[in-house]
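Contents: one structure, followed by commentary.
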Amino acid sequence: MKKAWNVIIVIVFIAVLLGAIAIGVGYLTGADMEQVYTTLADSPPAYFIQNMINYCTQAYEYTQQFIAELPARFPALFG
Amino acid sequence: MSDPVSDRPFLPERRFFIPEVTIINKQRFLAELAKLLTFMYEEDRQHALAAYSEMFEAAGDEQALLQALVSPLRQAVEVARAYNAGKPALTESKKKKAGTEEDENNRFAYLDTIYRIRAEALSGQPEKIAEPVDEDQFSLFDESASNSERKAQAPSPAAAAAIENAVAETLTADWGIEPVEAAAEGERAESAEETPLAVQPEADRAEDAVVEETAAVERADREEPAKADEGEAPNEPEETAVSDEPKADAPCKDAGANEKSTETLAAVAEEISVASEQMPARIPVLKNVRKPRIWAMILYPLLAIPLTLIGIVLLLVPALACLAVAIGCGTLAILTIVAALGSFPKLANLLVALGAALILLAFALLMLMLFIWLLGGAIGGLIHGVIALGGKCCYKEVSVE
């Protein structure tokens with residue numbers, strides 16, 4: 001397990017380093033960050049993120065509502 | 001004709017010098033052997049130990065003897081076989097009539113075995129010379145005089161032949177156990193018997209040459225320690241220099257060393273006998289046995305199972321959360337890469353998107369590893385620990401003879 005952790009940490013470190021270098025190089029060579037953001041916002045990742053956020057929000061609201069209705073649903077328990 | 005002094009075969013340099021280090025080895029060997037031979041009658045055991053002690057005394061190279069003997073255990077097994085082989089015969093003879101010669105032979109069969117072992121062990125090495133040589137005697141073993149001195153004082157051919165005969169006689173008699181004086185006398189007697197009267201003066205001349213050669217070698221022996229102190233032989237190993245030191249007054253010091261070693265051996269034998277007397281007749285063999293605790297076996301599962309389940313659930317929540325994050329980040333990274341490759345015509349924008357996707361992938365990988373660790377390492381370790389704790393609580397180890 002320790003060896004696996006070492007291998008994973010090395011891979012993660014290399015991937016993060018490469019990603020940071022790519023972002024830095026792109027930024028330095030004239031990347032338009034606003035265009036990147038708007039493009040990704042209209043793309044499947046943005047939809048995916050939006051869907052995930054919507055799902056989490058709905059789950060939170062449902063749980064909150066369930067907890068609020070507990071005394072009414074189980075009066076014997078909450079007196 | 002070859003020079004009898006320089007061409008002589010290998011002979012032990014340190015005849016009477018017994019280092020203290022080897023005495024410890026021998027002492028340990030004898031002590032262990034004494035412990036292993038406790039099954040014998042005390043008298044027989046003392047005989048056996050004395051025989052082994054003599055074997056060490058007779059050995060020229062103690063380490064070689066220890067290697068030949070292999071181990072005290074092996075020697076004890078050999079002696080035990082011979083001892084057990086002689087024992088039934090003794091019992092039978094006791095039924096008939098004790099004290100016959102055959103009984104004695106059977107009883108001391110183990111001594112024959114020891115002497116056979118001694119012969120085998122000492123066959124591959126020179127035996128130590130027990131008798132010290134007088135100061136004015138010819139020494140065949142000291143390599144002291146230089147070649148020029150030897151050539152200058154070289155004996156006549158007849159004398160050289162006489163010396164060679166003496167060397168051969170000495171070698172055949174177990175590497176020089178026979179004293180040189182006795183050998184010379186024997187040589188003289190032989191030459192007197194075998195030599196015809198016409199040749200007798202030549203034999204006398206040979207004897208004179210031998211005496212001259214002896215005196216020359218002894219002079220050289222006296223001179224060599226002084227040369228060694230002056231550093232004339234720097235290439236020689238230190239051990240050789242140390243071993244040569246007693247040669248200045250070799251007979252006296254060697255005799256003293258022999259007496260000292262004999263005293264040491266006697267002290268060792270005494271220690272062994274005292275230690276063997278103090279040893280218990282039978283050493284109890286203890287064995288660890290696990291005995292169950294019934295009340296713990298009932299209570300422990302009642303407590304451990306619910307607590308373990310709670311622990312597993314508590315660990316499963318972060319594990320599943322890590323898995324969800326890993327899946328989400330991985331999916332997002334892949335979608336980002338797909339979107340970037342299809343939407344960005346500019347390389348700089350593509351690099352930024354790909355870099356962000358790579359970082360997301362790394363994070364997903366880290367979360368996946370955390371999930372595996374929580375599932376396999378933490379939860380598996382918890383279950384394993386609970387089982388191990390149950391083994392310790394529910395059983396106790398008891399030493400039983």
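Residues are named by chain letter and number: chains run A, B, ... in the order of the structure tokens, numbers start at 1 in each chain, and ligands are numbered from 1 in the order shown.
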
Using only C-alpha atoms, tabulate the residues of chain A lying at most 9 Å from any atom of chain B, each with its closest atom pair and that distance in Å to one decimal, by chain and increasing residue number, as a Markdown table.
| residue | atom | partner | partner_atom | distance |
| --- | --- | --- | --- | --- |
| A:Met1 | CA | B:Trp373 | CA | 7.8 |
| A:Ala4 | CA | B:Met369 | CA | 8.6 |
| A:Trp5 | CA | B:Met369 | CA | 7.6 |
| A:Ile8 | CA | B:Leu366 | CA | 7.1 |
| A:Ile9 | CA | B:Leu366 | CA | 7.5 |
| A:Ile11 | CA | B:Ala362 | CA | 7.6 |
| A:Val12 | CA | B:Ala362 | CA | 4.8 |
| A:Phe13 | CA | B:Ala362 | CA | 7.7 |
| A:Ile14 | CA | B:Ala362 | CA | 8.6 |
| A:Ala15 | CA | B:Ala362 | CA | 5.7 |
| A:Val16 | CA | B:Ile359 | CA | 4.9 |
| A:Leu17 | CA | B:Ile359 | CA | 8.2 |
| A:Leu18 | CA | B:Gly355 | CA | 6.9 |
| A:Gly19 | CA | B:Gly355 | CA | 3.7 |
| A:Ala20 | CA | B:Gly355 | CA | 6.1 |
| A:Ile21 | CA | B:Gly355 | CA | 7.3 |
| A:Ala22 | CA | B:Gly355 | CA | 4.9 |
| A:Ile23 | CA | B:Val352 | CA | 4.2 |
| A:Gly24 | CA | B:Val352 | CA | 7.5 |
| A:Val25 | CA | B:Leu351 | CA | 7.3 |
| A:Gly26 | CA | B:Ala348 | CA | 4.1 |
| A:Tyr27 | CA | B:Ala348 | CA | 6.7 |
| A:Leu28 | CA | B:Ala348 | CA | 8.1 |
| A:Thr29 | CA | B:Ala348 | CA | 5.8 |
| A:Gly30 | CA | B:Ala348 | CA | 6.1 |
| A:Ala31 | CA | B:Ala348 | CA | 4.6 |
| A:Asp32 | CA | B:Asn349 | CA | 6.4 |
| A:Met33 | CA | B:Asn349 | CA | 7.3 |
| A:Gln35 | CA | B:Asn349 | CA | 8.0 |
| A:Val36 | CA | B:Asn349 | CA | 6.2 |
| A:Thr39 | CA | B:Ser343 | CA | 7.2 |
| A:Leu40 | CA | B:Ala339 | CA | 7.0 |
| A:Ser43 | CA | B:Ala339 | CA | 6.2 |
| A:Pro44 | CA | B:Leu335 | CA | 6.4 |
| A:Pro45 | CA | B:Leu335 | CA | 5.3 |
| A:Ala46 | CA | B:Leu332 | CA | 8.6 |
| A:Phe48 | CA | B:Leu332 | CA | 7.3 |
| A:Ile49 | CA | B:Leu332 | CA | 7.6 |
| A:Met52 | CA | B:Gly328 | CA | 8.6 |

Would you save the residues from that selection as a compact mmCIF listing (two decimals), in the first residue's frame, using C-alpha atoms?
# COMPACT_ATOMS: atom_id res chain seq x y z
CA MET A 1 0.00 0.00 0.00
CA ALA A 4 1.19 2.28 -4.29
CA TRP A 5 0.83 5.58 -2.48
CA ILE A 8 0.24 7.60 -7.17
CA ILE A 9 1.75 10.66 -5.53
CA ILE A 11 1.97 10.47 -10.97
CA VAL A 12 -0.27 13.15 -9.47
CA PHE A 13 2.68 15.46 -8.94
CA ILE A 14 3.82 15.04 -12.55
CA ALA A 15 0.27 15.58 -13.88
CA VAL A 16 -0.25 18.72 -11.81
CA LEU A 17 3.13 20.03 -12.88
CA LEU A 18 2.41 19.40 -16.55
CA GLY A 19 -1.05 21.00 -16.21
CA ALA A 20 0.40 24.07 -14.52
CA ILE A 21 3.10 24.34 -17.18
CA ALA A 22 0.46 24.03 -19.94
CA ILE A 23 -1.71 26.73 -18.37
CA GLY A 24 1.29 28.99 -17.86
CA VAL A 25 2.57 28.52 -21.39
CA GLY A 26 -0.91 29.09 -22.83
CA TYR A 27 -1.38 32.22 -20.76
CA LEU A 28 2.03 33.57 -21.73
CA THR A 29 1.48 32.87 -25.44
CA GLY A 30 -1.66 34.96 -25.52
CA ALA A 31 -4.56 32.82 -24.40
CA ASP A 32 -7.90 34.65 -24.10
CA MET A 33 -9.19 33.51 -20.71
CA GLN A 35 -13.02 33.13 -24.47
CA VAL A 36 -11.93 29.92 -22.81
CA THR A 39 -16.52 28.34 -24.65
CA LEU A 40 -16.37 25.83 -21.82
CA SER A 43 -19.85 22.93 -23.69
CA PRO A 44 -20.74 19.53 -22.12
CA PRO A 45 -18.48 20.08 -19.12
CA ALA A 46 -20.40 23.14 -18.17
CA PHE A 48 -22.22 18.44 -16.50
CA ILE A 49 -21.17 20.77 -13.74
CA MET A 52 -24.23 18.16 -10.71

- prompt: Where does DSSP see alpha helix (DSSP H) in stretch 341-401 of chain B, if you list the residues as JSON, numbers by chain?
  reply: {"B": [341, 342, 343, 347, 348, 349, 350, 351, 352, 353, 354, 355, 356, 357, 358, 359, 360, 361, 362, 363, 364, 365, 366, 367, 368, 369, 370, 371, 372, 380, 381, 382, 383, 384, 385, 386, 387, 388, 389, 390, 391, 392, 393, 394]}

Using only C-alpha atoms, please write the residues we just selected to a file, as a CSV table (one decimal), in the first residue's frame.
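Below is the file part_38.csv, written as the result:
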chain,number,residue,atom,x,y,z
B,341,LEU,CA,-10.1,19.8,-28.9
B,342,GLY,CA,-13.3,20.6,-30.8
B,343,SER,CA,-13.8,24.3,-29.9
B,347,LEU,CA,-3.3,26.8,-29.5
B,348,ALA,CA,-2.8,29.1,-26.4
B,349,ASN,CA,-6.5,28.6,-25.4
B,350,LEU,CA,-6.2,24.9,-26.1
B,351,LEU,CA,-3.1,24.6,-23.8
B,352,VAL,CA,-5.0,26.4,-21.0
B,353,ALA,CA,-7.9,24.0,-21.3
B,354,LEU,CA,-5.8,20.9,-21.5
B,355,GLY,CA,-3.7,22.0,-18.5
B,356,ALA,CA,-6.9,22.5,-16.5
B,357,ALA,CA,-8.1,19.0,-17.6
B,358,LEU,CA,-4.8,17.4,-16.6
B,359,ILE,CA,-5.0,18.9,-13.1
B,360,LEU,CA,-8.5,17.6,-12.8
B,361,LEU,CA,-7.4,14.2,-13.8
B,362,ALA,CA,-4.6,14.2,-11.2
B,363,PHE,CA,-7.1,15.2,-8.5
B,364,ALA,CA,-9.5,12.4,-9.7
B,365,LEU,CA,-6.6,9.9,-9.4
B,366,LEU,CA,-5.8,11.1,-5.9
B,367,MET,CA,-9.4,10.8,-4.8
B,368,LEU,CA,-9.6,7.3,-6.3
B,369,MET,CA,-6.5,6.2,-4.4
B,370,LEU,CA,-7.9,7.6,-1.2
B,371,PHE,CA,-11.1,5.6,-1.8
B,372,ILE,CA,-9.1,2.4,-2.3
B,380,GLY,CA,-9.8,-4.0,6.3
B,381,GLY,CA,-7.4,-3.0,9.0
B,382,LEU,CA,-10.2,-2.3,11.4
B,383,ILE,CA,-11.7,-5.8,10.9
B,384,HIS,CA,-8.2,-7.4,11.2
B,385,GLY,CA,-7.5,-5.5,14.3
B,386,VAL,CA,-10.8,-6.4,15.9
B,387,ILE,CA,-10.1,-10.1,15.2
B,388,ALA,CA,-6.5,-9.9,16.5
B,389,LEU,CA,-7.8,-8.1,19.7
B,390,GLY,CA,-10.4,-10.8,20.1
B,391,GLY,CA,-7.6,-13.5,19.9
B,392,LYS,CA,-5.7,-11.7,22.6
B,393,CYS,CA,-8.7,-11.1,24.9
B,394,CYS,CA,-10.4,-14.5,24.5

- request: Pick out the closest residue to B:Val79 from this set: B:Ala50, B:Leu111, B:Ala58, B:Val398. Count only C-alpha atoms.
  value: B:Leu111

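If you look at atom CA of B:Cys322 and atom CA of A:Tyr60, they are 18.6 Å away from each other.
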
- prompt: What is the distance, in Å and to one decimal place, between atom CA of B:Ala109 and atom CA of B:Asp44?
  reply: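 Result for atom CA of B:Ala109 versus atom CA of B:Asp44: 10.7 Å, one decimal.
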
One-decimal distance in Å that lies between atom CA of B:Ser399 and atom CA of B:Lys287: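 The value is 5.4 Å.
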
- prompt: Do you know which residues are at most 9 Å from B:Leu374 counting only C-alpha atoms, after dropping those on the same chain fewer than 6 positions away, and could you put them as number ranges by chain?
  reply: B: 315-316, 318-319, 380

query: Could you name the residues that touch B:Phe29 at 12 Å or less, counting only C-alpha atoms, but leaving out those on the same chain fewer than 3 positions away, as a ChimeraX atom specification?
result: /B:22-26,32-36,49,52-53,56,62-63,65-67,69-76,268-269,272
